[in-house]
Amino acid sequence: MSQLTPRQEPDYPIYEPEPVRDYEPIHPESRWRDLGRKLLAPIIALGALLAKFKAVAFAIFKFKVFATSATMLVSVAAYAWIWGWKFAVGFVLLMLVHEMGHVLELRRQGVPASAPLFIPFMGAVVGMKQMPHDAWREAQVALAGPILGSIGALVVWGIGEWTGSDLLIALAFTGFFLNLFNLLPVVPLDGGRAMAAVHPAIWGIGLAALVGLAFWHPNPILILVLVLGGLELWRRWQARKTPESAAYYRVKPWQRLAVGGTYIALAAFLAVAMTATHLERHF
């Protein structure tokens with residue numbers, strides 16, 4: 001007759017399954033809390049920056065650009081959704097430097113100009129109560145933005161190389177691209193306004209190139225620039241025979257050479273700078 005032995009325990013651990021709940025608690029307020037944090041983070045960061053540098057804050061209110069500050073904050077919050085708040089703050093500040101080039105040159109010429117106003121995903125604009133006196137001065141205003149903007153991006157690039165910050169180098173690349181894009185010879189972009197002093201016929205070449213670019217890489221911003229450029233080109237073409245228009249576009253040969261040379265040199269520099277600051281994306 002066989003002898004019964006006590007049950008032996010296995011030599012490996014046995015895990016009891018955890019009871020499964022028949023529901024998962026949902027907290028919709030957490031999503032709104034995360035949304036609020038994403039929107040407030042860039043605003044708080046920019047506010048802290050202005051609080052730290054009181055001279056900058058004083059200059060902002062001195063030049064009556066409260067609207068500029070508000071639109072900057074809105075733009076930072078919008079761009080933060082795509083790139084994060086750090087990159088968004090740097091990008092908006094680079095746009096501010098670009099626009100201040102226009103403002104400073106307009107005020108140097110005695111032309112009343114508003115502070116820059118930012119439009120999310122569209123850039124920024126500077127309002128003028130009157131046009132410059134002639135195409136030569138309009139070209140100076142137009143090129144002042146990309147020149148100062150390129151200097152700003154160059155400074156960011158230098159700091160990025162010094163500190164080894166890929167974020168700053170990427171910001172510099174974006175700044176160079178922003179200024180190069182604005183040099184497209186199509187009104188109302190800076191390049192189109194500068195070409196008014198070289199030869200208005202270049203507008204047609206730039207418009208045709210923009211049409212090809214819009215077909216090759218469709219983009220809402222390109223389409224909007226194309227529509228605005230076409231309307232502005234038609235308006236200026238219609239007014240070309242008036243005495244006022246003829247006087248406006250009367251430019252001396254040395255002025256044409258100065259604008260054309262500056263335009264080509266700046267575009268070449270920006271293209272080289274973009275190549276040098278381009279970072280490969282790692283996935």
# chains A, B, ... in the order shown; residues from 1 in each chain; ligands from 1
call {"tool": "residues_around", "arguments": {"residues": "segment 136-144 of chain A", "least_positions_apart": "4", "cutoff": "6 Å", "atoms": "only C-alpha atoms", "output": "number ranges by chain"}}
result
A: 101-102, 105, 132, 190, 193-194, 197
call {"tool": "closest_residue", "arguments": {"among": "A:Ser75, A:Asn182, A:Ser245, A:Gln238", "to": "Gly206 of chain A", "atoms": "only C-alpha atoms"}}
result
A:Asn182
call {"tool": "closest_residue", "arguments": {"among": "A:Met195, A:Met95, A:Ala88, A:Val125", "to": "Ala258 of chain A", "atoms": "only C-alpha atoms"}}
result
A:Met195
call {"tool": "atom_distance", "arguments": {"atom1": "atom CA of Leu180 of chain A", "atom2": "atom CA of Pro112 of chain A"}}
result
26.4 Å
call {"tool": "residues_around", "arguments": {"residues": "Gly229 of chain A", "least_positions_apart": "6", "cutoff": "9 Å", "atoms": "only C-alpha atoms", "output": "JSON, numbers by chain"}}
result
{"A": [186, 187, 188, 189, 192, 203, 207]}
call {"tool": "write_last_selection", "arguments": {"atoms": "N, CA and C atoms", "output": "PDB file, in the first residue's frame"}}
result
ATOM      1  N   VAL A 186       9.454  89.625 -53.557  1.00  0.00           N
ATOM      2  CA  VAL A 186       8.013  89.745 -53.769  1.00  0.00           C
ATOM      3  C   VAL A 186       7.461  90.690 -52.716  1.00  0.00           C
ATOM      4  N   VAL A 187       6.742  91.714 -53.118  1.00  0.00           N
ATOM      5  CA  VAL A 187       6.055  92.547 -52.145  1.00  0.00           C
ATOM      6  C   VAL A 187       4.877  91.747 -51.591  1.00  0.00           C
ATOM      7  N   PRO A 188       4.582  91.855 -50.300  1.00  0.00           N
ATOM      8  CA  PRO A 188       5.086  92.843 -49.346  1.00  0.00           C
ATOM      9  C   PRO A 188       6.284  92.390 -48.524  1.00  0.00           C
ATOM     10  N   LEU A 189       7.014  91.352 -48.938  1.00  0.00           N
ATOM     11  CA  LEU A 189       8.194  90.929 -48.198  1.00  0.00           C
ATOM     12  C   LEU A 189       9.306  91.959 -48.354  1.00  0.00           C
ATOM     13  N   GLY A 192      11.041  92.197 -51.757  1.00  0.00           N
ATOM     14  CA  GLY A 192      10.259  92.887 -52.773  1.00  0.00           C
ATOM     15  C   GLY A 192      10.338  94.390 -52.636  1.00  0.00           C
ATOM     16  N   TRP A 203       9.960  92.081 -59.540  1.00  0.00           N
ATOM     17  CA  TRP A 203       8.790  91.582 -58.810  1.00  0.00           C
ATOM     18  C   TRP A 203       8.122  90.445 -59.576  1.00  0.00           C
ATOM     19  N   LEU A 207       7.557  86.771 -58.222  1.00  0.00           N
ATOM     20  CA  LEU A 207       6.203  86.223 -58.119  1.00  0.00           C
ATOM     21  C   LEU A 207       6.113  84.884 -58.836  1.00  0.00           C
TER      22      LEU A 207
END
call {"tool": "select_by_dssp", "arguments": {"residues": "segment 151-259 of chain A", "states": "helix (DSSP H, G or I)", "output": "PyMOL selection string"}}
result
chain A and resi 151-163+166-181+190-195+202-216+220-238+243-248+253-259
call {"tool": "closest_residue", "arguments": {"among": "A:Ala201, A:Leu183, A:Leu266, A:Val211", "to": "Arg236 of chain A", "atoms": "only C-alpha atoms"}}
result
A:Ala201
call {"tool": "select_by_dssp", "arguments": {"residues": "segment 114-239 of chain A", "states": "strand (DSSP E or B)", "output": "list in words"}}
result
Leu117, Phe118, Ile119, Gly123, Ala124, Val125 and Met128 of chain A
call {"tool": "closest_residue", "arguments": {"among": "A:His199, A:Trp81, A:Ile169, A:Gly212", "to": "Gln255 of chain A", "atoms": "only C-alpha atoms"}}
result
A:His199
call {"tool": "atom_distance", "arguments": {"atom1": "atom CA of Val126 of chain A", "atom2": "atom CA of Leu93 of chain A"}}
result
15.2 Å
call {"tool": "atom_distance", "arguments": {"atom1": "atom CA of Phe177 of chain A", "atom2": "atom CA of Pro220 of chain A"}}
result
17.4 Å
call {"tool": "decode", "arguments": {"residues": "segment 261-278 of chain A", "atoms": "N, CA and C atoms", "output": "compact mmCIF listing (two decimals), in the first residue's frame"}}
result
# COMPACT_ATOMS: atom_id res chain seq x y z
N GLY A 261 23.86 95.16 -54.44
CA GLY A 261 25.02 94.53 -53.82
C GLY A 261 24.73 94.08 -52.39
N THR A 262 24.06 94.93 -51.63
CA THR A 262 23.71 94.57 -50.25
C THR A 262 22.78 93.38 -50.23
N TYR A 263 21.83 93.38 -51.13
CA TYR A 263 20.85 92.28 -51.21
C TYR A 263 21.55 90.95 -51.50
N ILE A 264 22.41 90.93 -52.51
CA ILE A 264 23.09 89.69 -52.90
C ILE A 264 24.02 89.22 -51.79
N ALA A 265 24.79 90.15 -51.20
CA ALA A 265 25.73 89.78 -50.14
C ALA A 265 24.99 89.22 -48.93
N LEU A 266 23.88 89.86 -48.56
CA LEU A 266 23.11 89.40 -47.40
C LEU A 266 22.49 88.03 -47.65
N ALA A 267 21.93 87.84 -48.85
CA ALA A 267 21.33 86.54 -49.18
C ALA A 267 22.38 85.44 -49.18
N ALA A 268 23.57 85.72 -49.72
CA ALA A 268 24.64 84.72 -49.75
C ALA A 268 25.10 84.38 -48.33
N PHE A 269 25.24 85.41 -47.50
CA PHE A 269 25.65 85.16 -46.11
C PHE A 269 24.63 84.29 -45.39
N LEU A 270 23.35 84.58 -45.56
CA LEU A 270 22.31 83.82 -44.87
C LEU A 270 22.28 82.37 -45.35
N ALA A 271 22.49 82.17 -46.65
CA ALA A 271 22.51 80.79 -47.17
C ALA A 271 23.67 80.00 -46.58
N VAL A 272 24.85 80.62 -46.49
CA VAL A 272 26.01 79.95 -45.91
C VAL A 272 25.79 79.70 -44.42
N ALA A 273 25.23 80.69 -43.73
CA ALA A 273 24.99 80.56 -42.29
C ALA A 273 23.98 79.45 -42.01
N MET A 274 22.96 79.32 -42.85
CA MET A 274 22.00 78.24 -42.67
C MET A 274 22.67 76.87 -42.82
N THR A 275 23.56 76.76 -43.80
CA THR A 275 24.27 75.50 -43.99
C THR A 275 25.14 75.17 -42.79
N ALA A 276 25.78 76.19 -42.22
CA ALA A 276 26.69 75.96 -41.09
C ALA A 276 25.94 75.63 -39.80
N THR A 277 24.72 76.10 -39.65
CA THR A 277 23.97 75.89 -38.40
C THR A 277 22.95 74.78 -38.51
N HIS A 278 22.89 74.11 -39.65
CA HIS A 278 21.90 73.05 -39.82
C HIS A 278 22.28 71.84 -38.97
